[in-house]
Amino acid sequence: MSTDTERESQPCDTTEPPTAPCTVVWSQGRPYVLEPTAGRSRWVGTDRRGRPLALTGADLRRRGWSYRADGK
């Protein structure tokens with residue numbers, strides 16, 4: 001079993017988003033990818049209209065997040 005599969009099968013027991021670059025999480029039915037940038041990393045995805053949207057870790061915590069699209 002791969003590490004990714006193990007992580008995805010375990011429930012998220014913390015409200016802190018992951019910090020590994022290129023990690024994918026789901027929030028409010030949309031996928032977000034952690035992109036490292038100079039200084040601070042940001043979570044990048046799209047809004048409901050397909051426009052680019054960048055979130056901070058704090059934004060993601062407020063919105064709620066999961067490793068799975070169904071939020072489990």
# chains A, B, ... in the order shown; residues from 1 in each chain; ligands from 1
call {"tool": "residues_around", "arguments": {"residues": "segment 67-69 of chain A", "least_positions_apart": "3", "cutoff": "8 Å", "atoms": "only C-alpha atoms", "output": "JSON, numbers by chain"}}
result
{"A": [8, 12, 24, 25, 26, 27, 29, 30, 31, 72]}
call {"tool": "write_last_selection", "arguments": {"atoms": "N, CA, C and O atoms", "output": "short mmCIF file (atom, residue, chain, number, x, y, z; two decimals), in the first residue's frame"}}
result
data_model
loop_
_atom_site.label_atom_id
_atom_site.label_comp_id
_atom_site.auth_asym_id
_atom_site.auth_seq_id
_atom_site.Cartn_x
_atom_site.Cartn_y
_atom_site.Cartn_z
N GLU A 8 -4.87 8.91 2.48
CA GLU A 8 -6.22 9.19 2.03
C GLU A 8 -7.25 8.34 2.75
O GLU A 8 -8.38 8.75 2.92
N CYS A 12 -9.06 12.75 8.66
CA CYS A 12 -8.26 13.92 9.00
C CYS A 12 -8.52 14.23 10.47
O CYS A 12 -9.61 14.61 10.84
N VAL A 24 -2.81 17.73 -2.57
CA VAL A 24 -4.15 18.10 -3.02
C VAL A 24 -5.13 17.85 -1.88
O VAL A 24 -5.13 16.78 -1.27
N VAL A 25 -5.96 18.85 -1.59
CA VAL A 25 -7.04 18.71 -0.62
C VAL A 25 -8.31 19.24 -1.26
O VAL A 25 -8.27 19.92 -2.29
N TRP A 26 -9.44 18.95 -0.64
CA TRP A 26 -10.73 19.40 -1.13
C TRP A 26 -11.37 20.32 -0.11
O TRP A 26 -11.29 20.08 1.10
N SER A 27 -12.01 21.38 -0.58
CA SER A 27 -12.72 22.30 0.28
C SER A 27 -13.96 22.80 -0.47
O SER A 27 -13.85 23.26 -1.61
N GLY A 29 -16.19 21.27 -2.01
CA GLY A 29 -16.40 20.59 -3.28
C GLY A 29 -15.41 20.92 -4.38
O GLY A 29 -15.59 20.51 -5.53
N ARG A 30 -14.35 21.65 -4.06
CA ARG A 30 -13.36 22.06 -5.06
C ARG A 30 -11.97 21.58 -4.64
O ARG A 30 -11.62 21.64 -3.47
N PRO A 31 -11.13 21.13 -5.59
CA PRO A 31 -9.77 20.73 -5.24
C PRO A 31 -8.83 21.93 -5.15
O PRO A 31 -8.97 22.91 -5.89
N LYS A 72 -15.08 13.06 3.55
CA LYS A 72 -14.96 12.06 4.63
C LYS A 72 -13.53 11.86 5.03
O LYS A 72 -12.62 12.12 4.36
#
call {"tool": "select_by_dssp", "arguments": {"residues": "chain A", "states": "helix (DSSP H, G or I)", "output": "ChimeraX atom specification"}}
result
/A:3-9,57-63
call {"tool": "write_last_selection", "arguments": {"atoms": "N, CA, C and O atoms", "output": "short mmCIF file (atom, residue, chain, number, x, y, z; two decimals), in the first residue's frame"}}
result
data_model
loop_
_atom_site.label_atom_id
_atom_site.label_comp_id
_atom_site.auth_asym_id
_atom_site.auth_seq_id
_atom_site.Cartn_x
_atom_site.Cartn_y
_atom_site.Cartn_z
N THR A 3 2.03 5.27 0.45
CA THR A 3 1.84 6.28 1.49
C THR A 3 0.63 7.15 1.18
O THR A 3 -0.14 7.48 2.05
N ASP A 4 0.45 7.52 -0.10
CA ASP A 4 -0.70 8.35 -0.47
C ASP A 4 -2.00 7.64 -0.17
O ASP A 4 -2.93 8.25 0.34
N THR A 5 -2.09 6.37 -0.49
CA THR A 5 -3.31 5.62 -0.23
C THR A 5 -3.57 5.52 1.26
O THR A 5 -4.69 5.67 1.72
N GLU A 6 -2.53 5.28 2.04
CA GLU A 6 -2.68 5.21 3.49
C GLU A 6 -3.19 6.53 4.03
O GLU A 6 -4.10 6.57 4.85
N ARG A 7 -2.62 7.63 3.60
CA ARG A 7 -3.03 8.95 4.09
C ARG A 7 -4.47 9.23 3.72
O ARG A 7 -5.25 9.72 4.53
N GLU A 8 -4.87 8.91 2.48
CA GLU A 8 -6.22 9.19 2.03
C GLU A 8 -7.25 8.34 2.75
O GLU A 8 -8.38 8.75 2.92
N SER A 9 -6.87 7.14 3.19
CA SER A 9 -7.83 6.27 3.84
C SER A 9 -8.01 6.62 5.31
O SER A 9 -8.95 6.17 5.94
N GLY A 57 -3.42 29.12 4.34
CA GLY A 57 -3.74 28.01 5.22
C GLY A 57 -4.88 28.37 6.16
O GLY A 57 -5.76 27.55 6.45
N ALA A 58 -4.90 29.62 6.63
CA ALA A 58 -5.97 30.08 7.53
C ALA A 58 -7.33 30.08 6.80
O ALA A 58 -8.35 29.68 7.38
N ASP A 59 -7.34 30.51 5.55
CA ASP A 59 -8.57 30.48 4.75
C ASP A 59 -9.09 29.05 4.64
O ASP A 59 -10.29 28.80 4.81
N LEU A 60 -8.19 28.13 4.36
CA LEU A 60 -8.57 26.73 4.20
C LEU A 60 -9.11 26.15 5.50
O LEU A 60 -10.10 25.42 5.50
N ARG A 61 -8.50 26.49 6.63
CA ARG A 61 -9.01 26.04 7.93
C ARG A 61 -10.42 26.55 8.17
O ARG A 61 -11.28 25.81 8.63
N ARG A 62 -10.67 27.81 7.88
CA ARG A 62 -12.00 28.39 8.08
C ARG A 62 -13.05 27.72 7.20
O ARG A 62 -14.17 27.48 7.64
N ARG A 63 -12.68 27.43 5.96
CA ARG A 63 -13.62 26.83 5.01
C ARG A 63 -13.86 25.35 5.29
O ARG A 63 -14.87 24.80 4.90
#
call {"tool": "closest_atom_pairs", "arguments": {"of": "segment 10-36 of chain A", "to": "segment 41-51 of chain A", "cutoff": "6 Å", "atoms": "only C-alpha atoms", "output": "JSON lines"}}
result
{"residue": "A:Tyr32", "atom": "CA", "partner": "A:Gly45", "partner_atom": "CA", "distance": 4.5}
{"residue": "A:Val33", "atom": "CA", "partner": "A:Val44", "partner_atom": "CA", "distance": 5.3}
{"residue": "A:Leu34", "atom": "CA", "partner": "A:Trp43", "partner_atom": "CA", "distance": 4.5}
{"residue": "A:Glu35", "atom": "CA", "partner": "A:Arg42", "partner_atom": "CA", "distance": 5.5}
{"residue": "A:Pro36", "atom": "CA", "partner": "A:Ser41", "partner_atom": "CA", "distance": 4.3}
call {"tool": "select_by_dssp", "arguments": {"residues": "chain A", "states": "strand (DSSP E)", "output": "list in words"}}
result
Val24, Val25, Trp26, Ser27, Arg30, Pro31, Tyr32, Val33, Leu34, Glu35, Arg42, Trp43, Val44, Gly45, Thr46, Pro52, Leu53, Ala54 and Leu55 of chain A
call {"tool": "atom_distance", "arguments": {"atom1": "atom CA of Pro17 of chain A", "atom2": "atom CA of Ala38 of chain A"}}
result
18.9 Å
call {"tool": "atom_distance", "arguments": {"atom1": "atom CA of Arg40 of chain A", "atom2": "atom CA of Gly71 of chain A"}}
result
25.9 Å
call {"tool": "atom_distance", "arguments": {"atom1": "atom CA of Pro52 of chain A", "atom2": "atom CA of Asp70 of chain A"}}
result
21.7 Å
call {"tool": "decode", "arguments": {"residues": "segment 56-69 of chain A", "atoms": "all heavy atoms", "output": "compact mmCIF listing (two decimals), in the first residue's frame"}}
result
# COMPACT_ATOMS: atom_id res chain seq x y z
N THR A 56 -4.98 31.08 1.72
CA THR A 56 -3.94 30.84 2.71
C THR A 56 -4.34 29.61 3.52
O THR A 56 -5.48 29.13 3.44
CB THR A 56 -3.81 32.04 3.66
OG1 THR A 56 -5.03 32.18 4.40
CG2 THR A 56 -3.50 33.33 2.90
N GLY A 57 -3.42 29.12 4.34
CA GLY A 57 -3.74 28.01 5.22
C GLY A 57 -4.88 28.37 6.16
O GLY A 57 -5.76 27.55 6.45
N ALA A 58 -4.90 29.62 6.63
CA ALA A 58 -5.97 30.08 7.53
C ALA A 58 -7.33 30.08 6.80
O ALA A 58 -8.35 29.68 7.38
CB ALA A 58 -5.65 31.48 8.06
N ASP A 59 -7.34 30.51 5.55
CA ASP A 59 -8.57 30.48 4.75
C ASP A 59 -9.09 29.05 4.64
O ASP A 59 -10.29 28.80 4.81
CB ASP A 59 -8.35 31.02 3.33
CG ASP A 59 -8.01 32.49 3.29
OD1 ASP A 59 -8.42 33.24 4.20
OD2 ASP A 59 -7.33 32.90 2.32
N LEU A 60 -8.19 28.13 4.36
CA LEU A 60 -8.57 26.73 4.20
C LEU A 60 -9.11 26.15 5.50
O LEU A 60 -10.10 25.42 5.50
CB LEU A 60 -7.37 25.93 3.70
CG LEU A 60 -7.67 24.60 3.04
CD1 LEU A 60 -8.57 24.77 1.83
CD2 LEU A 60 -6.38 23.92 2.64
N ARG A 61 -8.50 26.49 6.63
CA ARG A 61 -9.01 26.04 7.93
C ARG A 61 -10.42 26.55 8.17
O ARG A 61 -11.28 25.81 8.63
CB ARG A 61 -8.09 26.49 9.06
CG ARG A 61 -6.84 25.65 9.19
CD ARG A 61 -6.08 25.97 10.45
NE ARG A 61 -5.66 27.36 10.54
CZ ARG A 61 -4.56 27.86 9.98
NH1 ARG A 61 -3.78 27.08 9.28
NH2 ARG A 61 -4.26 29.12 10.12
N ARG A 62 -10.67 27.81 7.88
CA ARG A 62 -12.00 28.39 8.08
C ARG A 62 -13.05 27.72 7.20
O ARG A 62 -14.17 27.48 7.64
CB ARG A 62 -11.98 29.89 7.79
CG ARG A 62 -11.43 30.72 8.92
CD ARG A 62 -11.67 32.20 8.69
NE ARG A 62 -10.92 32.72 7.55
CZ ARG A 62 -9.68 33.16 7.62
NH1 ARG A 62 -9.03 33.14 8.75
NH2 ARG A 62 -9.06 33.62 6.54
N ARG A 63 -12.68 27.43 5.96
CA ARG A 63 -13.62 26.83 5.01
C ARG A 63 -13.86 25.35 5.29
O ARG A 63 -14.87 24.80 4.90
CB ARG A 63 -13.07 26.96 3.59
CG ARG A 63 -12.98 28.38 3.10
CD ARG A 63 -12.13 28.46 1.85
NE ARG A 63 -12.63 27.66 0.77
CZ ARG A 63 -13.24 28.14 -0.31
NH1 ARG A 63 -13.39 29.44 -0.44
NH2 ARG A 63 -13.66 27.33 -1.24
N GLY A 64 -12.88 24.70 5.93
CA GLY A 64 -12.92 23.26 6.14
C GLY A 64 -12.27 22.57 4.95
O GLY A 64 -12.31 23.08 3.83
N TRP A 65 -11.63 21.43 5.20
CA TRP A 65 -10.93 20.73 4.12
C TRP A 65 -10.88 19.25 4.42
O TRP A 65 -11.13 18.81 5.53
CB TRP A 65 -9.52 21.28 3.94
CG TRP A 65 -8.64 21.03 5.13
CD1 TRP A 65 -8.55 21.80 6.25
CD2 TRP A 65 -7.76 19.93 5.32
NE1 TRP A 65 -7.65 21.24 7.12
CE2 TRP A 65 -7.16 20.08 6.58
CE3 TRP A 65 -7.42 18.83 4.55
CZ2 TRP A 65 -6.24 19.18 7.08
CZ3 TRP A 65 -6.50 17.92 5.05
CH2 TRP A 65 -5.93 18.11 6.30
N SER A 66 -10.58 18.48 3.37
CA SER A 66 -10.49 17.03 3.48
C SER A 66 -9.53 16.52 2.40
O SER A 66 -9.31 17.20 1.40
CB SER A 66 -11.87 16.41 3.25
OG SER A 66 -11.79 15.01 3.19
N TYR A 67 -8.98 15.31 2.61
CA TYR A 67 -8.17 14.69 1.57
C TYR A 67 -9.04 14.09 0.48
O TYR A 67 -8.55 13.71 -0.57
CB TYR A 67 -7.30 13.58 2.15
CG TYR A 67 -6.10 14.08 2.91
CD1 TYR A 67 -5.98 13.87 4.27
CD2 TYR A 67 -5.08 14.76 2.25
CE1 TYR A 67 -4.88 14.31 4.97
CE2 TYR A 67 -3.98 15.21 2.95
CZ TYR A 67 -3.88 14.99 4.31
OH TYR A 67 -2.78 15.43 4.98
N ARG A 68 -10.33 13.98 0.72
CA ARG A 68 -11.23 13.33 -0.24
C ARG A 68 -12.31 14.29 -0.72
O ARG A 68 -12.76 15.15 0.04
CB ARG A 68 -11.88 12.12 0.41
CG ARG A 68 -10.86 11.05 0.75
CD ARG A 68 -11.46 9.90 1.46
NE ARG A 68 -12.67 9.43 0.76
CZ ARG A 68 -13.28 8.32 1.09
NH1 ARG A 68 -12.84 7.57 2.07
NH2 ARG A 68 -14.35 7.95 0.43
N ALA A 69 -12.75 14.12 -1.94
CA ALA A 69 -13.75 15.00 -2.53
C ALA A 69 -15.08 14.91 -1.79
O ALA A 69 -15.82 15.90 -1.72
CB ALA A 69 -13.97 14.64 -4.00
